[in-house]
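*Asks:* Mind looking over this structure? Questions follow.
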Amino acid sequence: MHLELRLLSMKQNWRPGTMIYPLPALLVSCGASPEEYNVFTAAWTGTICSDPALCYVSIRPERHSHGIVERNMAFTLNLTNRELARATDWCGVRSGRDYDKWHEMHLTPVKGETVAAPYIAEAPVSIECRVRDIMRLGTHDMFIGEVMNVIADDRFINPDTGALDLKAADLITYCHGHYYSLGEELGHFGWSVRKKPKND
């Protein structure tokens with residue numbers, strides 16, 4: 001009882017806010033033709049459903065890319081890594097109205113395989129999405145996308161398992177205004193209940 005009171009006394013109540021961290025630090029690409037190709041940084045993104053495979057990205061209506069995504073009803077989520085860290089930040093603080101981000105950050109747009117949006121050649125994984133719905137929420141509109149295709153870079157695929165090698169990919173995350181690389185592995189899915197092998 002005393003321990004519970006002590007723990008409660010160490011807690012603080014903050015005003016409502018989005019304090020779910022860490023988040024993916026993604027480069028989102030959009031545009032049906034090279035003339036309108038754009039790329040921007042997003043952390044307000046994630047998985048919604050596994051079957052069908054659905055994910056989302058939330059975009060402020062005043063952003064340059066908002067109209068492009070809504071017009072073409074498509075976007076591509078590009079995972080980022082240490083090599084793309086500077087480009088990830090830069091594309092989040094500069095507008096496509098004023099800069100050719102692809103040129104400035106030496107990124108290569110590749111015509112989408114299944115949607116009207118390019119993917120980034122340098123990205124370890126690119127997830128092509130077709131917009132199924134748009135939710136007008138307030139500061140942001142949530143674009144719900146159905147995953148149509150996943151493009152993985154051979155450099156980061158484990159040849160033995162065919163899976164993405166997270167250590168080799170060196171993915172980065174966003175946490176309260178800062179970017180971080182992934183740290184030490186603590187376990188794997190189901191490790192807490194896995195039975196230990198019996199000794200021979």
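In the structure tokens, the first chain shown is A, the next is B, and so on; residue numbers restart at 1 for each chain, and ligands run from 1 in the order shown.
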If DSSP is run on the backbone, what residues of range 2-171 of chain A are strand (DSSP E or B)? A reply as a PyMOL selection string would be ideal.
*Replies:* chain A and resi 23-24+26-30+38-42+45-50+53-59+74-78+81+109-110+119-120+125-136+141-152+157+164+171
*Asks:* Keeping C-alpha atoms for every residue in the selection just given, could you write it to a file as a compact mmCIF listing (two decimals), in the first residue's frame?
*Replies:*
# COMPACT_ATOMS: atom_id res chain seq x y z
CA LEU A 23 7.39 6.62 -33.90
CA PRO A 24 8.62 5.70 -37.37
CA LEU A 26 9.22 8.06 -42.72
CA LEU A 27 9.68 9.81 -46.02
CA VAL A 28 6.33 9.88 -47.79
CA SER A 29 6.42 10.25 -51.56
CA CYS A 30 3.53 11.33 -53.76
CA ASN A 38 7.12 15.46 -53.90
CA VAL A 39 8.46 13.92 -50.73
CA PHE A 40 7.83 14.92 -47.13
CA THR A 41 8.62 13.63 -43.66
CA ALA A 42 5.95 12.09 -41.44
CA THR A 45 1.85 7.23 -39.48
CA GLY A 46 1.39 3.57 -38.68
CA THR A 47 -0.41 0.26 -39.08
CA ILE A 48 -4.21 0.02 -38.84
CA CYS A 49 -5.08 -3.51 -39.95
CA SER A 50 -3.26 -6.63 -41.15
CA ALA A 53 -3.22 -4.58 -44.99
CA LEU A 54 -4.03 -0.98 -44.06
CA CYS A 55 -1.88 1.86 -42.82
CA TYR A 56 -2.22 5.62 -42.59
CA VAL A 57 -0.47 8.94 -42.79
CA SER A 58 -1.84 12.14 -41.27
CA ILE A 59 -1.18 15.39 -43.18
CA ALA A 74 -2.09 7.41 -53.45
CA PHE A 75 1.08 7.69 -51.41
CA THR A 76 4.17 5.63 -50.67
CA LEU A 77 5.68 5.19 -47.22
CA ASN A 78 9.47 4.91 -47.36
CA ASN A 81 17.78 4.61 -42.02
CA PRO A 109 12.24 8.96 -57.47
CA VAL A 110 11.14 5.75 -59.17
CA TYR A 119 9.04 5.42 -54.31
CA ILE A 120 12.54 6.38 -53.16
CA VAL A 125 11.64 -0.54 -47.76
CA SER A 126 8.87 1.28 -49.64
CA ILE A 127 5.16 0.60 -49.07
CA GLU A 128 2.83 1.61 -51.90
CA CYS A 129 -0.64 2.60 -50.71
CA ARG A 130 -3.93 3.40 -52.42
CA VAL A 131 -6.12 5.79 -50.41
CA ARG A 132 -9.33 4.11 -49.29
CA ASP A 133 -10.68 6.86 -47.06
CA ILE A 134 -9.89 10.32 -45.73
CA MET A 135 -10.85 11.27 -42.19
CA ARG A 136 -11.03 15.02 -41.49
CA ASP A 141 -6.49 14.73 -42.20
CA MET A 142 -5.86 11.01 -41.90
CA PHE A 143 -5.33 9.25 -45.22
CA ILE A 144 -6.11 5.56 -44.79
CA GLY A 145 -4.21 3.55 -47.34
CA GLU A 146 -4.54 -0.02 -48.53
CA VAL A 147 -1.12 -1.56 -49.07
CA MET A 148 -0.83 -2.57 -52.70
CA ASN A 149 2.86 -3.48 -52.87
CA VAL A 150 5.99 -3.62 -50.72
CA ILE A 151 9.39 -3.00 -52.29
CA ALA A 152 12.41 -4.21 -50.31
CA ILE A 157 17.38 -8.88 -46.94
CA LEU A 164 14.33 -7.80 -43.64
CA LEU A 171 16.31 2.02 -39.39
*Asks:* Using only C-alpha atoms, which residues sit within 7 Å of Gly31 in chain A once same-chain residues fewer than 6 positions away are excluded, as a PDB file with C-alpha atoms, in the first residue's frame?
*Replies:*
ATOM      1  CA  TYR A  37       6.554  14.406 -57.493  1.00  0.00           C
ATOM      2  CA  ASN A  38       7.122  15.461 -53.901  1.00  0.00           C
ATOM      3  CA  ILE A  68      -1.180  15.909 -54.291  1.00  0.00           C
ATOM      4  CA  VAL A  69      -2.123  12.870 -52.205  1.00  0.00           C
ATOM      5  CA  ASN A  72      -4.106  11.067 -56.881  1.00  0.00           C
ATOM      6  CA  ALA A 116       0.218   6.876 -58.749  1.00  0.00           C
ATOM      7  CA  ALA A 117       3.105   7.787 -56.459  1.00  0.00           C
ATOM      8  CA  PRO A 118       6.859   7.262 -56.771  1.00  0.00           C
TER       9      PRO A 118
END
*Asks:* Name the residues of range 1-184 of chain A that fall into helix (DSSP H, G or I) according to DSSP on the backbone, using the chain letters and numbers of this document, as a ChimeraX atom specification.
*Replies:* /A:2-9,64-72,82-93,101-104,154-156,166-169
*Asks:* Any idea what's packed within 7 Å of Tyr174 in chain A, counting only C-alpha atoms, ignoring anything in its chain fewer than 2 positions away? Could you give it as a VMD selection string?
*Replies:* chain A and resid 22 to 25 43 176 to 180
*Asks:* Keeping only N, CA and C atoms, take the residues you just selected and write them out as a JSON list (two decimals), in the first residue's frame.
*Replies:*
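The resulting file, out16.json, is reproduced below:
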[["chain", "number", "residue", "atom", "x", "y", "z"],
["A", 22, "PRO", "N", 8.44, 5.81, -29.17],
["A", 22, "PRO", "CA", 8.92, 6.38, -30.43],
["A", 22, "PRO", "C", 7.95, 6.08, -31.58],
["A", 23, "LEU", "N", 8.18, 6.77, -32.69],
["A", 23, "LEU", "CA", 7.39, 6.62, -33.90],
["A", 23, "LEU", "C", 8.31, 6.37, -35.09],
["A", 24, "PRO", "N", 7.78, 5.81, -36.17],
["A", 24, "PRO", "CA", 8.62, 5.70, -37.37],
["A", 24, "PRO", "C", 8.91, 7.07, -37.94],
["A", 25, "ALA", "N", 10.10, 7.26, -38.44],
["A", 25, "ALA", "CA", 10.44, 8.49, -39.15],
["A", 25, "ALA", "C", 10.46, 8.15, -40.63],
["A", 43, "ALA", "N", 5.84, 11.43, -39.13],
["A", 43, "ALA", "CA", 5.92, 10.49, -38.01],
["A", 43, "ALA", "C", 4.52, 10.08, -37.58],
["A", 176, "HIS", "N", 9.88, 12.61, -29.83],
["A", 176, "HIS", "CA", 9.76, 13.91, -29.17],
["A", 176, "HIS", "C", 10.78, 14.94, -29.70],
["A", 177, "GLY", "N", 10.82, 15.06, -31.03],
["A", 177, "GLY", "CA", 11.67, 16.07, -31.64],
["A", 177, "GLY", "C", 13.08, 15.62, -31.96],
["A", 178, "HIS", "N", 13.39, 14.34, -31.75],
["A", 178, "HIS", "CA", 14.74, 13.84, -32.01],
["A", 178, "HIS", "C", 14.67, 12.54, -32.79],
["A", 179, "TYR", "N", 15.76, 12.26, -33.53],
["A", 179, "TYR", "CA", 15.85, 11.03, -34.30],
["A", 179, "TYR", "C", 16.82, 10.07, -33.60],
["A", 180, "TYR", "N", 16.48, 8.79, -33.62],
["A", 180, "TYR", "CA", 17.31, 7.78, -32.97],
["A", 180, "TYR", "C", 17.43, 6.56, -33.87]]
*Asks:* For Glu62 in chain A, which of A:Arg82, A:His103, A:His140, A:Lys11 is the closest residue, counting only C-alpha atoms?
*Replies:* A:His140
*Asks:* Interatomic distance between CA of Ile172 in chain A and CA of Ala87 in chain A?
*Replies:*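 Taking CA of Ile172 in chain A as the start and CA of Ala87 in chain A as the end point, the length is 12.1 Å.
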*Asks:* In Å, how far is it from CA of Tyr21 in chain A to CA of Thr80 in chain A?
*Replies:*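 Distance reported for this atom pair: 16.7 Å.
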*Asks:* I'd like the interatomic distance between CA of Trp44 in chain A and CA of Arg86 in chain A, to a tenth of an Å.
*Replies:*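 Separating CA of Trp44 in chain A from CA of Arg86 in chain A is a distance of 18.7 Å.
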*Asks:* Quick one: everything within 12 Å of Tyr99 in chain A, counting only C-alpha atoms, minus sequence neighbours fewer than 3 positions away in the same chain. Send it as a PDB file with C-alpha atoms, in the first residue's frame.
*Replies:*
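Saved to part-v3.pdb:
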ATOM      1  CA  GLU A  36       4.378  16.938 -59.308  1.00  0.00           C
ATOM      2  CA  TYR A  37       6.554  14.406 -57.493  1.00  0.00           C
ATOM      3  CA  ASN A  38       7.122  15.461 -53.901  1.00  0.00           C
ATOM      4  CA  VAL A  39       8.460  13.923 -50.726  1.00  0.00           C
ATOM      5  CA  PHE A  40       7.830  14.915 -47.128  1.00  0.00           C
ATOM      6  CA  HIS A  64       1.904  21.122 -50.210  1.00  0.00           C
ATOM      7  CA  TRP A  90      15.461  18.304 -44.200  1.00  0.00           C
ATOM      8  CA  CYS A  91      12.382  17.131 -46.090  1.00  0.00           C
ATOM      9  CA  GLY A  92      10.348  17.773 -42.956  1.00  0.00           C
ATOM     10  CA  VAL A  93      11.352  21.425 -42.559  1.00  0.00           C
ATOM     11  CA  ARG A  94      11.344  22.491 -46.220  1.00  0.00           C
ATOM     12  CA  SER A  95       8.311  22.772 -48.485  1.00  0.00           C
ATOM     13  CA  GLY A  96       7.963  21.286 -51.936  1.00  0.00           C
ATOM     14  CA  TRP A 102      14.668  15.167 -54.633  1.00  0.00           C
ATOM     15  CA  HIS A 103      17.469  17.223 -56.151  1.00  0.00           C
ATOM     16  CA  GLU A 104      18.506  18.944 -52.930  1.00  0.00           C
ATOM     17  CA  MET A 105      18.777  15.678 -50.958  1.00  0.00           C
TER      18      MET A 105
END
*Asks:* Kindly indicate which residue among A:Gly190, A:Pro34, A:Pro61, A:Pro52 lies nearest to Thr108 in chain A, using only C-alpha atoms for the distances.
*Replies:*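 Counting only C-alpha atoms, the residue closest to Thr108 in chain A is A:Pro34.
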